[in-house]
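> For reference, this is my_file.cif, and it has mmCIF, C-alpha atoms.
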```cif
data_input
loop_
_atom_site.label_atom_id
_atom_site.label_comp_id
_atom_site.auth_asym_id
_atom_site.auth_seq_id
_atom_site.Cartn_x
_atom_site.Cartn_y
_atom_site.Cartn_z
CA MET X 1 21.51 -8.36 10.63
CA ASP X 2 21.49 -7.64 14.35
CA LYS X 3 19.26 -9.56 16.74
CA ALA X 4 16.76 -6.75 17.35
CA ILE X 5 16.06 -6.30 13.64
CA LYS X 6 15.91 -10.05 13.09
CA ASN X 7 13.32 -10.33 15.86
CA LYS X 8 11.23 -7.66 14.13
CA PHE X 9 11.34 -9.54 10.83
CA ASP X 10 10.30 -12.70 12.68
CA GLU X 11 7.23 -10.89 14.02
CA LEU X 12 6.39 -9.37 10.64
CA GLU X 13 6.46 -12.81 9.04
CA LYS X 14 3.64 -13.85 11.37
CA LEU X 15 1.42 -11.13 9.90
CA ILE X 16 2.32 -11.45 6.23
CA GLY X 17 1.55 -14.47 4.05
CA SER X 18 -0.36 -17.66 4.85
CA THR X 19 -3.53 -15.99 3.57
CA PRO X 20 -6.79 -17.89 2.95
CA LEU X 21 -7.65 -19.38 -0.43
CA ALA X 22 -11.27 -19.03 -1.56
CA GLU X 23 -13.06 -21.35 -3.97
CA ILE X 24 -15.78 -19.28 -5.66
CA THR X 25 -18.62 -21.07 -7.40
CA TYR X 26 -20.31 -19.18 -10.24
CA ARG X 27 -22.23 -19.52 -13.48
CA HIS X 28 -21.36 -17.79 -16.76
CA LYS X 29 -24.25 -17.34 -19.20
CA LYS X 30 -26.36 -19.80 -17.22
CA SER X 31 -23.74 -22.54 -17.56
CA GLU X 32 -23.38 -25.38 -15.13
CA PRO X 33 -21.69 -24.21 -11.89
CA ARG X 34 -17.94 -23.66 -12.19
CA THR X 35 -15.22 -22.91 -9.65
CA LEU X 36 -12.30 -20.48 -9.55
CA TYR X 37 -9.68 -20.01 -6.81
CA PHE X 38 -8.36 -16.78 -5.31
CA LYS X 39 -5.83 -15.94 -2.62
CA LEU X 40 -7.37 -13.36 -0.26
CA GLU X 41 -4.38 -11.05 -0.01
CA TYR X 42 -6.09 -8.26 1.91
CA PHE X 43 -5.48 -10.39 5.03
CA ASN X 44 -1.85 -9.24 4.97
CA LEU X 45 -0.50 -6.63 7.41
CA SER X 46 -1.28 -3.44 5.48
CA GLY X 47 -4.07 -4.94 3.40
CA SER X 48 -2.51 -6.06 0.12
CA ILE X 49 -0.36 -8.64 -1.64
CA LYS X 50 2.47 -6.08 -1.83
CA ASP X 51 3.34 -6.74 1.82
CA ARG X 52 4.90 -10.01 0.70
CA MET X 53 7.39 -8.46 -1.68
CA ALA X 54 8.12 -5.43 0.51
CA LEU X 55 8.99 -7.73 3.40
CA ASN X 56 11.18 -9.96 1.26
CA ILE X 57 13.02 -7.07 -0.40
CA LEU X 58 13.79 -5.37 2.92
CA LYS X 59 14.81 -8.59 4.66
CA CYS X 60 17.17 -9.55 1.82
CA ALA X 61 18.61 -6.02 1.82
CA TYR X 62 19.39 -6.25 5.54
CA GLU X 63 20.95 -9.67 5.04
CA ASN X 64 23.24 -8.50 2.22
CA GLY X 65 24.16 -5.26 3.97
CA SER X 66 22.66 -2.84 1.44
CA LEU X 67 20.13 -1.59 4.01
CA SER X 68 20.87 -0.38 7.53
CA GLN X 69 19.01 1.51 10.24
CA ASP X 70 20.15 4.96 9.08
CA HIS X 71 18.72 4.60 5.55
CA VAL X 72 15.59 6.36 4.32
CA ILE X 73 13.48 3.87 2.36
CA THR X 74 12.56 5.68 -0.86
CA GLU X 75 10.32 4.18 -3.52
CA VAL X 76 8.19 5.04 -6.54
CA THR X 77 4.73 3.54 -6.32
CA SER X 78 1.16 3.70 -7.56
CA GLY X 79 -0.15 2.84 -4.11
CA ASN X 80 -0.14 -0.57 -2.46
CA THR X 81 3.62 -1.07 -2.59
CA GLY X 82 4.14 2.32 -1.00
CA ILE X 83 1.69 1.51 1.78
CA SER X 84 3.54 -1.76 2.42
CA PHE X 85 6.95 -0.07 2.67
CA CYS X 86 5.43 2.61 4.92
CA ALA X 87 3.92 0.07 7.32
CA ILE X 88 6.92 -2.26 7.46
CA GLY X 89 9.37 0.63 7.47
CA ALA X 90 7.59 2.19 10.45
CA TYR X 91 7.98 -1.00 12.51
CA LEU X 92 11.63 -1.36 11.51
CA GLY X 93 12.30 2.25 12.56
CA HIS X 94 12.92 3.78 9.13
CA LYS X 95 11.88 7.07 7.64
CA VAL X 96 10.00 6.42 4.40
CA LEU X 97 9.85 8.75 1.40
CA ILE X 98 7.34 7.97 -1.35
CA TYR X 99 7.19 9.39 -4.87
CA MET X 100 3.80 8.84 -6.50
CA PRO X 101 1.64 10.21 -9.35
CA ASP X 102 -0.83 12.68 -7.88
CA TRP X 103 -3.90 11.05 -9.43
CA MET X 104 -3.84 7.98 -7.18
CA SER X 105 -6.73 7.67 -4.71
CA GLU X 106 -6.86 9.90 -1.63
CA GLU X 107 -7.18 6.81 0.57
CA ARG X 108 -3.78 5.58 -0.63
CA LYS X 109 -2.16 8.93 0.13
CA GLY X 110 -3.82 9.14 3.54
CA MET X 111 -2.76 5.63 4.53
CA MET X 112 0.88 6.34 3.71
CA ARG X 113 0.84 9.57 5.68
CA SER X 114 -0.80 7.75 8.61
CA PHE X 115 2.33 5.56 8.88
CA GLY X 116 4.46 8.71 9.10
CA ALA X 117 5.76 8.71 5.54
CA GLU X 118 6.58 11.77 3.45
CA LEU X 119 4.87 11.92 0.05
CA ARG X 120 6.11 13.73 -3.02
CA LEU X 121 3.38 13.82 -5.67
CA LEU X 122 4.02 14.48 -9.35
CA SER X 123 1.37 15.52 -11.87
CA LYS X 124 1.14 14.29 -15.46
CA ALA X 125 2.71 17.59 -16.52
CA GLN X 126 5.67 16.80 -14.25
CA GLY X 127 6.15 13.42 -15.86
CA GLY X 128 3.81 11.23 -13.84
CA PHE X 129 5.25 7.81 -13.05
CA LYS X 130 8.37 8.21 -15.17
CA GLY X 131 8.93 11.61 -13.62
CA CYS X 132 8.86 9.97 -10.19
CA LEU X 133 11.48 7.43 -11.25
CA GLU X 134 13.72 10.19 -12.62
CA ALA X 135 13.30 12.27 -9.46
CA VAL X 136 14.45 9.39 -7.24
CA GLU X 137 17.53 8.82 -9.38
CA GLU X 138 18.42 12.51 -9.10
CA LEU X 139 17.95 12.38 -5.33
CA LYS X 140 20.28 9.39 -5.03
CA LYS X 141 23.08 11.37 -6.66
CA THR X 142 23.17 13.76 -3.71
CA ASP X 143 21.89 11.69 -0.78
CA ARG X 144 23.77 8.54 0.16
CA GLN X 145 21.31 7.69 2.92
CA ILE X 146 18.65 6.73 0.38
CA PHE X 147 17.74 3.05 0.01
CA THR X 148 15.66 2.30 -3.08
CA PRO X 149 13.95 -1.12 -3.26
CA TYR X 150 13.58 -0.85 -7.06
CA GLN X 151 10.45 -2.99 -7.02
CA PHE X 152 10.21 -3.06 -10.83
CA GLU X 153 13.60 -4.72 -11.29
CA ASN X 154 14.31 -6.40 -7.95
CA GLU X 155 14.16 -10.18 -8.40
CA ASN X 156 13.33 -10.58 -4.70
CA ASN X 157 9.92 -9.24 -5.69
CA SER X 158 8.96 -12.26 -7.78
CA LEU X 159 11.02 -14.62 -5.61
CA CYS X 160 8.68 -14.22 -2.63
CA HIS X 161 5.79 -15.51 -4.76
CA TYR X 162 7.90 -18.40 -6.04
CA GLU X 163 9.01 -19.38 -2.55
CA ASN X 164 5.85 -18.59 -0.58
CA THR X 165 2.63 -17.65 -2.39
CA GLY X 166 2.92 -20.40 -4.99
CA PRO X 167 3.59 -23.19 -2.46
CA GLU X 168 0.72 -21.90 -0.31
CA ILE X 169 -1.67 -22.15 -3.27
CA SER X 170 -0.54 -25.69 -4.09
CA LEU X 171 -0.85 -26.79 -0.47
CA GLN X 172 -4.33 -25.30 -0.05
CA LEU X 173 -5.65 -26.67 -3.34
CA LYS X 174 -4.40 -30.16 -2.46
CA LYS X 175 -5.44 -30.04 1.19
CA ALA X 176 -9.00 -28.79 0.75
CA PHE X 177 -9.97 -29.61 -2.83
CA ASN X 178 -7.57 -32.37 -3.94
CA LYS X 179 -6.59 -30.34 -6.99
CA GLY X 180 -3.52 -28.86 -8.62
CA ALA X 181 -3.36 -25.52 -10.41
CA GLU X 182 -3.65 -25.73 -14.19
CA ALA X 183 -3.49 -22.00 -14.87
CA VAL X 184 -2.79 -18.73 -13.09
CA ILE X 185 -3.62 -15.18 -14.13
CA ALA X 186 -2.75 -11.87 -12.47
CA GLY X 187 -2.76 -8.20 -13.37
CA VAL X 188 0.70 -6.79 -14.06
CA GLY X 189 1.97 -3.88 -12.02
CA THR X 190 5.60 -4.79 -11.42
CA GLY X 191 5.04 -8.27 -12.84
CA GLY X 192 6.33 -9.89 -9.65
CA THR X 193 3.15 -11.77 -8.84
CA ILE X 194 2.60 -13.43 -12.22
CA MET X 195 6.32 -14.18 -12.68
CA GLY X 196 6.74 -15.81 -9.27
CA LEU X 197 3.47 -17.74 -9.38
CA GLY X 198 3.96 -18.71 -13.00
CA ARG X 199 7.47 -20.04 -12.44
CA TYR X 200 6.42 -22.04 -9.39
CA LEU X 201 3.26 -23.55 -10.85
CA LYS X 202 5.03 -24.43 -14.11
CA ALA X 203 7.79 -26.10 -12.09
CA VAL X 204 5.16 -28.21 -10.30
CA ASN X 205 3.16 -28.87 -13.48
CA PRO X 206 5.01 -28.20 -16.77
CA LYS X 207 1.65 -28.07 -18.57
CA ALA X 208 0.37 -25.23 -16.38
CA LYS X 209 -0.34 -21.88 -18.01
CA ALA X 210 0.51 -18.39 -16.68
CA TYR X 211 -1.28 -15.39 -18.12
CA PRO X 212 -0.40 -11.71 -17.55
CA LEU X 213 -3.41 -9.38 -17.46
CA GLU X 214 -3.71 -5.77 -18.63
CA PRO X 215 -6.49 -3.20 -19.16
CA ALA X 216 -8.05 -3.30 -22.64
CA SER X 217 -7.97 0.51 -22.85
CA SER X 218 -4.27 0.75 -21.96
CA PRO X 219 -2.45 -2.23 -23.50
CA THR X 220 1.09 -1.44 -22.42
CA LEU X 221 2.18 -5.10 -22.46
CA SER X 222 0.80 -5.72 -25.93
CA THR X 223 2.26 -2.57 -27.48
CA GLY X 224 5.46 -2.17 -25.46
CA HIS X 225 4.73 1.40 -24.42
CA LYS X 226 2.15 3.56 -22.67
CA VAL X 227 -1.14 3.68 -24.58
CA GLY X 228 -4.42 5.25 -23.51
CA SER X 229 -5.65 5.40 -19.91
CA HIS X 230 -7.50 3.17 -17.45
CA ARG X 231 -8.94 3.05 -13.93
CA ILE X 232 -7.46 -0.19 -12.56
CA GLN X 233 -5.04 1.35 -10.07
CA GLY X 234 -1.95 -0.75 -9.38
CA ILE X 235 -1.53 -2.35 -12.81
CA SER X 236 -0.32 -1.19 -16.23
CA ASP X 237 1.90 1.74 -15.38
CA GLU X 238 3.83 3.45 -18.16
CA PHE X 239 6.34 0.79 -19.24
CA ILE X 240 7.04 -2.95 -19.25
CA PRO X 241 8.81 -3.71 -15.94
CA PRO X 242 12.28 -5.29 -16.22
CA ILE X 243 11.36 -8.28 -14.03
CA LEU X 244 8.47 -9.19 -16.33
CA LYS X 245 9.66 -11.80 -18.83
CA LEU X 246 6.81 -12.17 -21.31
CA ALA X 247 8.68 -14.96 -23.12
CA GLU X 248 8.25 -17.16 -20.03
CA LEU X 249 4.50 -16.54 -19.88
CA ASP X 250 1.50 -17.38 -22.00
CA GLU X 251 -0.69 -14.98 -23.93
CA ILE X 252 -1.70 -11.59 -22.58
CA ILE X 253 -5.31 -11.33 -21.41
CA ASP X 254 -7.12 -8.00 -21.40
CA VAL X 255 -10.23 -6.82 -19.55
CA ASP X 256 -12.24 -3.60 -19.60
CA ASP X 257 -11.83 -1.34 -16.57
CA GLY X 258 -15.57 -0.61 -16.42
CA ASP X 259 -16.31 -4.34 -16.52
CA SER X 260 -13.76 -4.81 -13.71
CA ILE X 261 -15.47 -2.16 -11.59
CA ILE X 262 -18.87 -3.83 -12.03
CA MET X 263 -17.36 -7.23 -11.21
CA ALA X 264 -15.72 -5.96 -8.03
CA GLN X 265 -19.04 -4.35 -7.03
CA LYS X 266 -20.91 -7.59 -7.71
CA ILE X 267 -18.51 -9.71 -5.63
CA THR X 268 -18.71 -7.20 -2.78
CA ARG X 269 -22.50 -6.99 -2.80
CA THR X 270 -23.19 -10.68 -3.40
CA LEU X 271 -20.49 -12.47 -1.41
CA GLY X 272 -19.63 -9.78 1.16
CA ILE X 273 -15.99 -9.83 0.09
CA GLY X 274 -15.02 -6.17 -0.35
CA LEU X 275 -12.52 -5.90 -3.20
CA GLY X 276 -10.49 -3.37 -5.12
CA ILE X 277 -10.86 -2.86 -8.86
CA SER X 278 -7.84 -5.00 -9.82
CA SER X 279 -9.44 -7.96 -8.05
CA GLY X 280 -12.54 -7.56 -10.21
CA ALA X 281 -10.20 -7.54 -13.20
CA ASN X 282 -8.48 -10.72 -12.02
CA PHE X 283 -11.83 -12.46 -11.62
CA LEU X 284 -12.85 -11.58 -15.17
CA GLY X 285 -9.45 -12.64 -16.45
CA ALA X 286 -9.84 -15.99 -14.70
CA VAL X 287 -13.26 -16.46 -16.33
CA LYS X 288 -11.73 -15.71 -19.73
CA VAL X 289 -8.95 -18.25 -19.13
CA GLN X 290 -11.43 -20.90 -18.03
CA ASN X 291 -13.53 -20.22 -21.13
CA MET X 292 -10.40 -20.77 -23.23
CA LEU X 293 -9.10 -23.90 -21.48
CA GLY X 294 -12.29 -25.61 -20.37
CA ALA X 295 -14.92 -25.18 -17.66
CA ASP X 296 -13.39 -27.93 -15.52
CA LYS X 297 -9.88 -26.44 -15.43
CA THR X 298 -8.43 -25.29 -12.10
CA VAL X 299 -7.65 -21.61 -12.57
CA VAL X 300 -6.17 -19.52 -9.74
CA SER X 301 -5.58 -15.83 -9.20
CA VAL X 302 -5.32 -13.28 -6.39
CA PHE X 303 -7.61 -10.73 -4.80
CA ALA X 304 -4.78 -8.25 -4.36
CA ASP X 305 -6.48 -5.84 -1.95
CA ASP X 306 -9.85 -4.80 -0.54
CA ASN X 307 -12.19 -1.90 -1.28
CA LYS X 308 -11.05 0.50 1.45
CA LYS X 309 -8.53 2.29 -0.78
CA TYR X 310 -11.15 3.00 -3.45
CA LEU X 311 -13.97 4.72 -1.60
CA SER X 312 -13.34 8.02 -3.42
CA THR X 313 -13.05 6.40 -6.87
CA ASP X 314 -15.44 5.11 -9.52
CA LEU X 315 -15.75 1.87 -7.56
CA LEU X 316 -18.58 3.48 -5.60
CA LYS X 317 -20.29 4.97 -8.64
CA GLU X 318 -22.84 3.50 -11.01
CA GLU X 319 -20.88 2.10 -13.95
CA PRO X 320 -22.65 1.88 -17.32
CA VAL X 321 -22.81 -1.57 -18.88
CA LYS X 322 -21.32 -1.75 -22.37
CA ASP X 323 -21.57 -4.34 -25.12
CA GLY X 324 -19.14 -7.18 -24.62
CA PHE X 325 -18.94 -6.93 -20.82
CA LEU X 326 -18.63 -10.28 -19.04
CA SER X 327 -19.86 -9.21 -15.61
CA PRO X 328 -23.62 -9.00 -16.40
CA ASP X 329 -23.58 -12.67 -17.44
CA ILE X 330 -21.84 -13.89 -14.27
CA GLU X 331 -23.93 -15.25 -11.40
CA LEU X 332 -22.05 -15.70 -8.14
CA LEU X 333 -23.29 -18.63 -6.06
CA GLU X 334 -21.11 -19.25 -2.99
CA TYR X 335 -17.57 -19.57 -1.70
CA ARG X 336 -15.56 -21.93 0.48
CA ALA X 337 -12.35 -20.83 2.14
CA VAL X 338 -9.34 -22.74 3.43
CA THR X 339 -6.45 -21.52 5.57
CA ILE X 340 -2.92 -22.90 5.80
#
```
Output the structure of this file as structure tokens.

Amino acid sequence: MDKAIKNKFDELEKLIGSTPLAEITYRHKKSEPRTLYFKLEYFNLSGSIKDRMALNILKCAYENGSLSQDHVITEVTSGNTGISFCAIGAYLGHKVLIYMPDWMSEERKGMMRSFGAELRLLSKAQGGFKGCLEAVEELKKTDRQIFTPYQFENENNSLCHYENTGPEISLQLKKAFNKGAEAVIAGVGTGGTIMGLGRYLKAVNPKAKAYPLEPASSPTLSTGHKVGSHRIQGISDEFIPPILKLAELDEIIDVDDGDSIIMAQKITRTLGIGLGISSGANFLGAVKVQNMLGADKTVVSVFADDNKKYLSTDLLKEEPVKDGFLSPDIELLEYRAVTI
């Protein structure tokens, strides 16, 4: 890696990671106050947790020589990862080409284009997510200047959470609250977040639990293949990602997408923390885990991104409450935040 590129990575590392950790106090069904812990990942450069893995993948690729200045960064994404590669790629001087299903939010598409990226959108009739993956493989056969991060199978994805996000959580919990993590839960897109955090927290505390989360209406992890549909953009694509090792994790937790929308709305309106739908899902998943393990257990998760990418989605609509929803029985009280 030449000095100019190294200097750029040094600057990027100042803007990615070291995010705040929030302790949120709440009641469930008028219980005594409980606490849950969330990394506020929208503080990253382009506004999501995916900046961490995009930075690590590109830095490692430069270090091992598989990526150079004349490559076009080309990736398949459902949104946040693409935005991260577009933002980081722009600063590093790369052209970025993104393949994405056409039903992702308009805000996601607009953000990628704002960084100068080219988008190629595929409909469900054209194969959707799998069609995007196949299209990139075909392109690589004829264009040697393509660099594909392969986020779904690149171990540097989960490694950044093992080496950085996990240690940050442990440091912040100890520093501010004198606690250690007893469980972690995160929605599965690539699986990098839950694999990296799970491996780290289990290494620190062998009794710690790590739970992958999926939408109840589209249980890809539970069934092994695409089933149904859901509205939690960024998780549960159309297959089980290769880097996700379910045998290393604990049981799969599911949440309803409508319940997740209501929860994200409630957090935004009550605490002033604007969140995306997957963050509402992670909050509900953390409540479920705490109900399983005990109200006093230290459960952590991530708020993967904020609400700005969802302004044209159902997040801003009135969502009907259905039987079995958790969100109506959750009362949010306050939060405390700690930085590194």
> Identify, on the basis of all atoms listed in the file, every residue whose closest approach to range 151-154 of chain X does not exceed 7 Å; exclude the query and any residue fewer than 5 positions from it along the same chain; express the result as a ChimeraX atom specification.
/X:190,241-243
> Return the single residue from X:Ala22, X:Val338, X:Val287, X:Met1 that is closest to Lys39 in chain X, with distances computed using only C-alpha atoms.
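The shortest atom-to-atom distance to Lys39 in chain X comes from X:Ala22.
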> So what does the PyMOL selection byres ((chain X and resi 318) around 10) actually pick up in this one, as a PyMOL selection string?
chain X and resi 258+261-262+265+314-317+319-321
> For Glu334 in chain X, which residue out of X:Ile235, X:Val300, X:Leu55, X:Ile273 is the nearest one, using all atoms listed in the file?
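Nearest to Glu334 in chain X: X:Ile273.
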> What would the selection look like, as a PyMOL selection string, if the PyMOL selection byres ((chain X and resi 59) around 12) were run on the coordinates I just shared?
chain X and resi 1-2+5-10+12-13+51-58+60-68+85+88-89+92+149+156-157+160
> For this file, the PyMOL selection byres ((chain X and resi 101) around 8) selects which residues, as a list in words?
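Residues picked by the PyMOL selection byres ((chain X and resi 101) around 8): Thr77, Ser78, Tyr99, Met100, Asp102, Trp103, Met104, Leu121, Leu122, Ser123, Lys124, Gly128, Phe129 and Cys132 of chain X.
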> One decimal, in Å: what's the spacing between CA of Ala281 in chain X and CA of Phe177 in chain X?
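The value is 24.4 Å.
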> Report, in Å to a single decimal, how far apart CA of Tyr200 in chain X and CA of Thr81 in chain X are.
22.2 Å
> To one decimal place, how far is CA of Cys86 in chain X from CA of Met112 in chain X in Å?
6.0 Å
> For each of X:Thr148, X:Ser217, X:Leu45, X:His225, take the minimum atom-to-atom distance to Glu11 in chain X, counting all atoms listed in the file, then give the residue where this is smallest.
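The answer is X:Leu45, which sits nearest to Glu11 in chain X.
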> Go through X:Ser46, X:Gln145, X:Ser114, X:Asn205 and flag the residue nearest Val72 in chain X, using all atoms listed in the file for the distances.
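Closest candidate: X:Gln145.
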> Report the centre and edge lengths, in Å to one decimal, of an axis-aligned box enclosing every atom of range 77-83 of chain X listed in the file, padded by 5 Å on each side, as JSON.

```
{"center_x": 2.3, "center_y": 1.3, "center_z": -2.9, "size_x": 14.9, "size_y": 14.8, "size_z": 19.3}
```
> Nearest to Ile194 in chain X among X:Phe325, X:Phe303, X:Tyr211, X:Tyr310, with distances taken over all atoms listed in the file: which residue is it?
X:Tyr211
> Which neighbours of Ser170 in chain X fall inside 10 Å, counting all atoms listed in the file, when residues of the same chain fewer than 5 positions from it are skipped, and could you give them as a list in words?
Thr165, Lys175, Asn178, Lys179, Gly180, Ala181, Tyr200, Leu201 and Val204 of chain X
